Amino acid sequence: MITINLKPGSKRARAGSSLSGGLSALKGLPSRVKDPWPMAAVIICGLTVLVLAWIGISTASKRNTLETQMDAARAENRRYRAFLVEKRRAEAARDSVLIQIATIRAVDDDRYVWPHLLDEITRAMPPHTWLTEVAAVTGTDAGDSSMVAPVGVQINGRTMDLQGFTRLMRQLEDSPWISQVTMLSTQTVVEKGRAVIAFVLKSSYDRHGHARAASSGGR
């Protein structure tokens, strides 16, 4: 059946009355609730759930951030450990090379002692002067007992005059490989019917002669 409302104002009145009735019901709700604690407990539980949910979400976010940072730190730690291992290997190889170089240098220093000595003595020989003996003598450095003992050499020879002997000493002292040239004795002897001067010299081999020669642009 179709009903036609010939009084439109009556519908509006019913709507307004229903709204006012709902407001009055809400206003009367506290009076109808006899015990408010259950409702407060429900509200507190709801708030607790919301707080716990917020804490869980924030904690998960922080955990993800920390895990990312931890992964980066672990990768950096692995790279640093690998670098330290390579550094130790390089240092061990360097120390081994340095030891080998020191050993070779020590062998070479002893190997070239007499070639340098004989070459420098030959260069220093003046005319009318000759040698009768060149021998090694042992000696120690009185200034520092921990230093390697210098290589000493004793030179015995003959010269026709005293000027030749003086020139020999001066030219030996000018050599970068010979130091501490000292006269031990001189005397006049007769050799093959001629009076000649017999001399004895003592000197030392300078292990740093190569540096002196390089700085002076010498031999």
# chains A, B, ... in the order shown; residues from 1 in each chain; ligands from 1
$ residues_around --residues "range 193-199 of chain A" --least-positions-apart "2" --cutoff "9 Å" --atoms "only C-alpha atoms" --output "list in words"
Ile155, Asn156, Gly157, Arg158, Thr159, Met160, Asp161, Leu162, Phe165, Met183, Leu184, Ser185, Thr186, Gln187, Thr188, Val189, Val190, Glu191 and Leu201 of chain A
$ select_by_dssp --residues "range 77-210 of chain A" --states "helix (DSSP H, G or I)" --output "JSON, numbers by chain"
{"A": [77, 78, 79, 80, 81, 82, 83, 84, 85, 86, 87, 88, 89, 90, 91, 92, 93, 94, 95, 96, 97, 98, 99, 100, 101, 102, 103, 104, 105, 106, 107, 108, 109, 110, 111, 113, 114, 115, 116, 117, 118, 119, 120, 121, 122, 123, 124, 162, 163, 164, 165, 166, 167, 168, 169, 170, 171, 172, 173, 209, 210]}
$ residues_around --residues "Leu172 in chain A" --least-positions-apart "6" --cutoff "12 Å" --atoms "only C-alpha atoms" --output "list in words"
Leu117, Leu118, Asp119, Glu120, Ile121, Thr122, Arg123, Ala124, Met125, Pro126, Ile155, Phe165, Thr166, Ile178, Ser179, Gln180, Val181, Thr182, Met183, Leu201, Lys202, Ser203, Ser204, Tyr205 and Asp206 of chain A
$ write_last_selection --atoms "N, CA and C atoms" --output "short mmCIF file (atom, residue, chain, number, x, y, z; two decimals), in the first residue's frame"
data_model
loop_
_atom_site.label_atom_id
_atom_site.label_comp_id
_atom_site.auth_asym_id
_atom_site.auth_seq_id
_atom_site.Cartn_x
_atom_site.Cartn_y
_atom_site.Cartn_z
N LEU A 117 141.92 -1.56 -0.52
CA LEU A 117 143.20 -1.23 0.11
C LEU A 117 144.36 -1.27 -0.90
N LEU A 118 144.45 -2.37 -1.64
CA LEU A 118 145.56 -2.51 -2.59
C LEU A 118 145.47 -1.48 -3.71
N ASP A 119 144.26 -1.18 -4.14
CA ASP A 119 144.11 -0.18 -5.19
C ASP A 119 144.53 1.20 -4.70
N GLU A 120 144.14 1.56 -3.48
CA GLU A 120 144.50 2.87 -2.95
C GLU A 120 145.99 2.95 -2.64
N ILE A 121 146.58 1.88 -2.15
CA ILE A 121 148.03 1.90 -1.88
C ILE A 121 148.80 2.05 -3.19
N THR A 122 148.32 1.36 -4.24
CA THR A 122 148.98 1.48 -5.54
C THR A 122 148.89 2.91 -6.08
N ARG A 123 147.72 3.54 -5.91
CA ARG A 123 147.57 4.92 -6.37
C ARG A 123 148.50 5.87 -5.62
N ALA A 124 148.74 5.58 -4.34
CA ALA A 124 149.52 6.51 -3.51
C ALA A 124 151.03 6.34 -3.66
N MET A 125 151.46 5.31 -4.38
CA MET A 125 152.91 5.05 -4.48
C MET A 125 153.60 6.13 -5.33
N PRO A 126 154.61 6.85 -4.76
CA PRO A 126 155.37 7.83 -5.54
C PRO A 126 156.53 7.14 -6.29
N ILE A 155 152.23 -1.62 6.35
CA ILE A 155 152.90 -1.47 5.07
C ILE A 155 154.40 -1.33 5.33
N PHE A 165 158.94 9.12 0.98
CA PHE A 165 158.20 8.57 2.12
C PHE A 165 157.12 9.54 2.59
N THR A 166 157.46 10.83 2.66
CA THR A 166 156.47 11.83 3.08
C THR A 166 155.32 11.92 2.09
N ILE A 178 141.29 4.84 3.30
CA ILE A 178 142.37 4.61 4.26
C ILE A 178 142.38 5.74 5.27
N SER A 179 142.49 5.41 6.54
CA SER A 179 142.52 6.42 7.60
C SER A 179 143.55 6.00 8.65
N GLN A 180 143.85 6.93 9.55
CA GLN A 180 144.76 6.69 10.68
C GLN A 180 146.13 6.17 10.20
N VAL A 181 146.68 6.89 9.22
CA VAL A 181 148.00 6.53 8.72
C VAL A 181 149.04 6.97 9.75
N THR A 182 149.81 6.02 10.23
CA THR A 182 150.78 6.28 11.30
C THR A 182 152.13 5.69 10.93
N MET A 183 153.19 6.44 11.16
CA MET A 183 154.54 5.94 10.94
C MET A 183 155.00 5.17 12.17
N LEU A 201 154.69 1.51 8.01
CA LEU A 201 153.49 2.33 8.23
C LEU A 201 152.35 1.42 8.72
N LYS A 202 151.45 2.04 9.44
CA LYS A 202 150.24 1.35 9.87
C LYS A 202 149.04 2.22 9.54
N SER A 203 147.97 1.62 9.01
CA SER A 203 146.75 2.36 8.66
C SER A 203 145.54 1.46 8.88
N SER A 204 144.37 2.04 8.67
CA SER A 204 143.12 1.30 8.86
C SER A 204 142.23 1.48 7.64
N TYR A 205 141.43 0.46 7.37
CA TYR A 205 140.46 0.52 6.28
C TYR A 205 139.19 1.19 6.80
N ASP A 206 138.74 2.23 6.09
CA ASP A 206 137.56 2.99 6.48
C ASP A 206 136.34 2.39 5.77
#
$ atom_distance --atom1 "CA of Glu86 in chain A" --atom2 "CA of Thr68 in chain A"
27.5 Å
$ atom_distance --atom1 "CA of Tyr112 in chain A" --atom2 "CA of Val151 in chain A"
11.6 Å
$ atom_distance --atom1 "CA of Gln171 in chain A" --atom2 "CA of Thr129 in chain A"
13.0 Å
$ closest_residue --among "A:Ser175, A:Ala60, A:Trp114, A:Pro127" --to "Val153 in chain A" --atoms "only C-alpha atoms"
A:Trp114
$ decode --residues "range 41-129 of chain A" --atoms "C-alpha atoms" --output "mmCIF file, in the first residue's frame"
data_model
loop_
_atom_site.group_PDB
_atom_site.id
_atom_site.type_symbol
_atom_site.label_atom_id
_atom_site.label_comp_id
_atom_site.auth_asym_id
_atom_site.auth_seq_id
_atom_site.Cartn_x
_atom_site.Cartn_y
_atom_site.Cartn_z
ATOM 1 C CA ALA A 41 39.086 -0.891 33.131
ATOM 2 C CA VAL A 42 38.069 -1.304 29.489
ATOM 3 C CA ILE A 43 39.358 2.168 28.669
ATOM 4 C CA ILE A 44 42.662 1.516 30.489
ATOM 5 C CA CYS A 45 43.062 -1.810 28.675
ATOM 6 C CA GLY A 46 42.457 -0.103 25.364
ATOM 7 C CA LEU A 47 45.007 2.599 26.145
ATOM 8 C CA THR A 48 47.488 -0.070 27.290
ATOM 9 C CA VAL A 49 47.060 -1.975 24.045
ATOM 10 C CA LEU A 50 47.620 1.206 22.060
ATOM 11 C CA VAL A 51 50.765 2.079 24.074
ATOM 12 C CA LEU A 52 52.161 -1.438 23.726
ATOM 13 C CA ALA A 53 51.444 -1.397 20.006
ATOM 14 C CA TRP A 54 53.270 1.933 19.640
ATOM 15 C CA ILE A 55 56.220 0.635 21.688
ATOM 16 C CA GLY A 56 56.371 -2.537 19.603
ATOM 17 C CA ILE A 57 56.318 -0.613 16.321
ATOM 18 C CA SER A 58 59.003 1.851 17.471
ATOM 19 C CA THR A 59 61.137 -0.999 18.866
ATOM 20 C CA ALA A 60 60.896 -2.927 15.613
ATOM 21 C CA SER A 61 61.898 0.161 13.662
ATOM 22 C CA LYS A 62 64.887 0.800 15.932
ATOM 23 C CA ARG A 63 65.841 -2.886 15.733
ATOM 24 C CA ASN A 64 65.833 -2.766 11.946
ATOM 25 C CA THR A 65 67.989 0.365 12.016
ATOM 26 C CA LEU A 66 70.425 -1.180 14.520
ATOM 27 C CA GLU A 67 70.629 -4.406 12.521
ATOM 28 C CA THR A 68 71.537 -2.415 9.409
ATOM 29 C CA GLN A 69 74.218 -0.523 11.330
ATOM 30 C CA MET A 70 75.485 -3.795 12.852
ATOM 31 C CA ASP A 71 75.812 -5.382 9.414
ATOM 32 C CA ALA A 72 77.774 -2.372 8.170
ATOM 33 C CA ALA A 73 80.030 -2.482 11.267
ATOM 34 C CA ARG A 74 80.661 -6.212 10.798
ATOM 35 C CA ALA A 75 81.593 -5.686 7.152
ATOM 36 C CA GLU A 76 83.945 -2.863 8.135
ATOM 37 C CA ASN A 77 85.459 -5.055 10.850
ATOM 38 C CA ARG A 78 86.107 -7.828 8.323
ATOM 39 C CA ARG A 79 87.772 -5.366 5.952
ATOM 40 C CA TYR A 80 89.898 -3.970 8.781
ATOM 41 C CA ARG A 81 90.990 -7.445 9.889
ATOM 42 C CA ALA A 82 91.955 -8.324 6.320
ATOM 43 C CA PHE A 83 93.934 -5.085 6.130
ATOM 44 C CA LEU A 84 95.761 -5.912 9.375
ATOM 45 C CA VAL A 85 96.618 -9.391 8.109
ATOM 46 C CA GLU A 86 98.037 -7.965 4.870
ATOM 47 C CA LYS A 87 99.924 -5.318 6.848
ATOM 48 C CA ARG A 88 101.529 -7.949 9.097
ATOM 49 C CA ARG A 89 102.489 -10.003 6.054
ATOM 50 C CA ALA A 90 104.026 -6.962 4.391
ATOM 51 C CA GLU A 91 105.945 -6.073 7.560
ATOM 52 C CA ALA A 92 107.234 -9.648 7.878
ATOM 53 C CA ALA A 93 108.355 -9.612 4.232
ATOM 54 C CA ARG A 94 109.991 -6.210 4.753
ATOM 55 C CA ASP A 95 111.856 -7.406 7.852
ATOM 56 C CA SER A 96 113.041 -10.494 5.977
ATOM 57 C CA VAL A 97 114.294 -8.368 3.078
ATOM 58 C CA LEU A 98 116.058 -5.981 5.467
ATOM 59 C CA ILE A 99 117.797 -8.891 7.195
ATOM 60 C CA GLN A 100 118.912 -10.285 3.850
ATOM 61 C CA ILE A 101 120.159 -6.870 2.721
ATOM 62 C CA ALA A 102 122.095 -6.432 5.966
ATOM 63 C CA THR A 103 123.657 -9.878 5.552
ATOM 64 C CA ILE A 104 124.629 -9.193 1.934
ATOM 65 C CA ARG A 105 126.002 -5.783 2.868
ATOM 66 C CA ALA A 106 128.109 -7.285 5.655
ATOM 67 C CA VAL A 107 129.502 -9.898 3.252
ATOM 68 C CA ASP A 108 130.209 -7.266 0.596
ATOM 69 C CA ASP A 109 131.928 -5.000 3.111
ATOM 70 C CA ASP A 110 134.377 -7.769 3.958
ATOM 71 C CA ARG A 111 134.711 -8.920 0.361
ATOM 72 C CA TYR A 112 135.939 -5.584 -1.014
ATOM 73 C CA VAL A 113 138.293 -4.638 1.805
ATOM 74 C CA TRP A 114 141.544 -5.775 0.214
ATOM 75 C CA PRO A 115 140.722 -4.726 -3.366
ATOM 76 C CA HIS A 116 140.115 -1.194 -2.094
ATOM 77 C CA LEU A 117 143.197 -1.227 0.108
ATOM 78 C CA LEU A 118 145.563 -2.505 -2.585
ATOM 79 C CA ASP A 119 144.108 -0.176 -5.195
ATOM 80 C CA GLU A 120 144.497 2.871 -2.954
ATOM 81 C CA ILE A 121 148.033 1.896 -1.882
ATOM 82 C CA THR A 122 148.980 1.480 -5.544
ATOM 83 C CA ARG A 123 147.567 4.916 -6.375
ATOM 84 C CA ALA A 124 149.522 6.511 -3.508
ATOM 85 C CA MET A 125 152.912 5.053 -4.478
ATOM 86 C CA PRO A 126 155.374 7.834 -5.539
ATOM 87 C CA PRO A 127 158.334 7.249 -7.881
ATOM 88 C CA HIS A 128 161.439 5.453 -6.531
ATOM 89 C CA THR A 129 159.384 3.844 -3.757
#
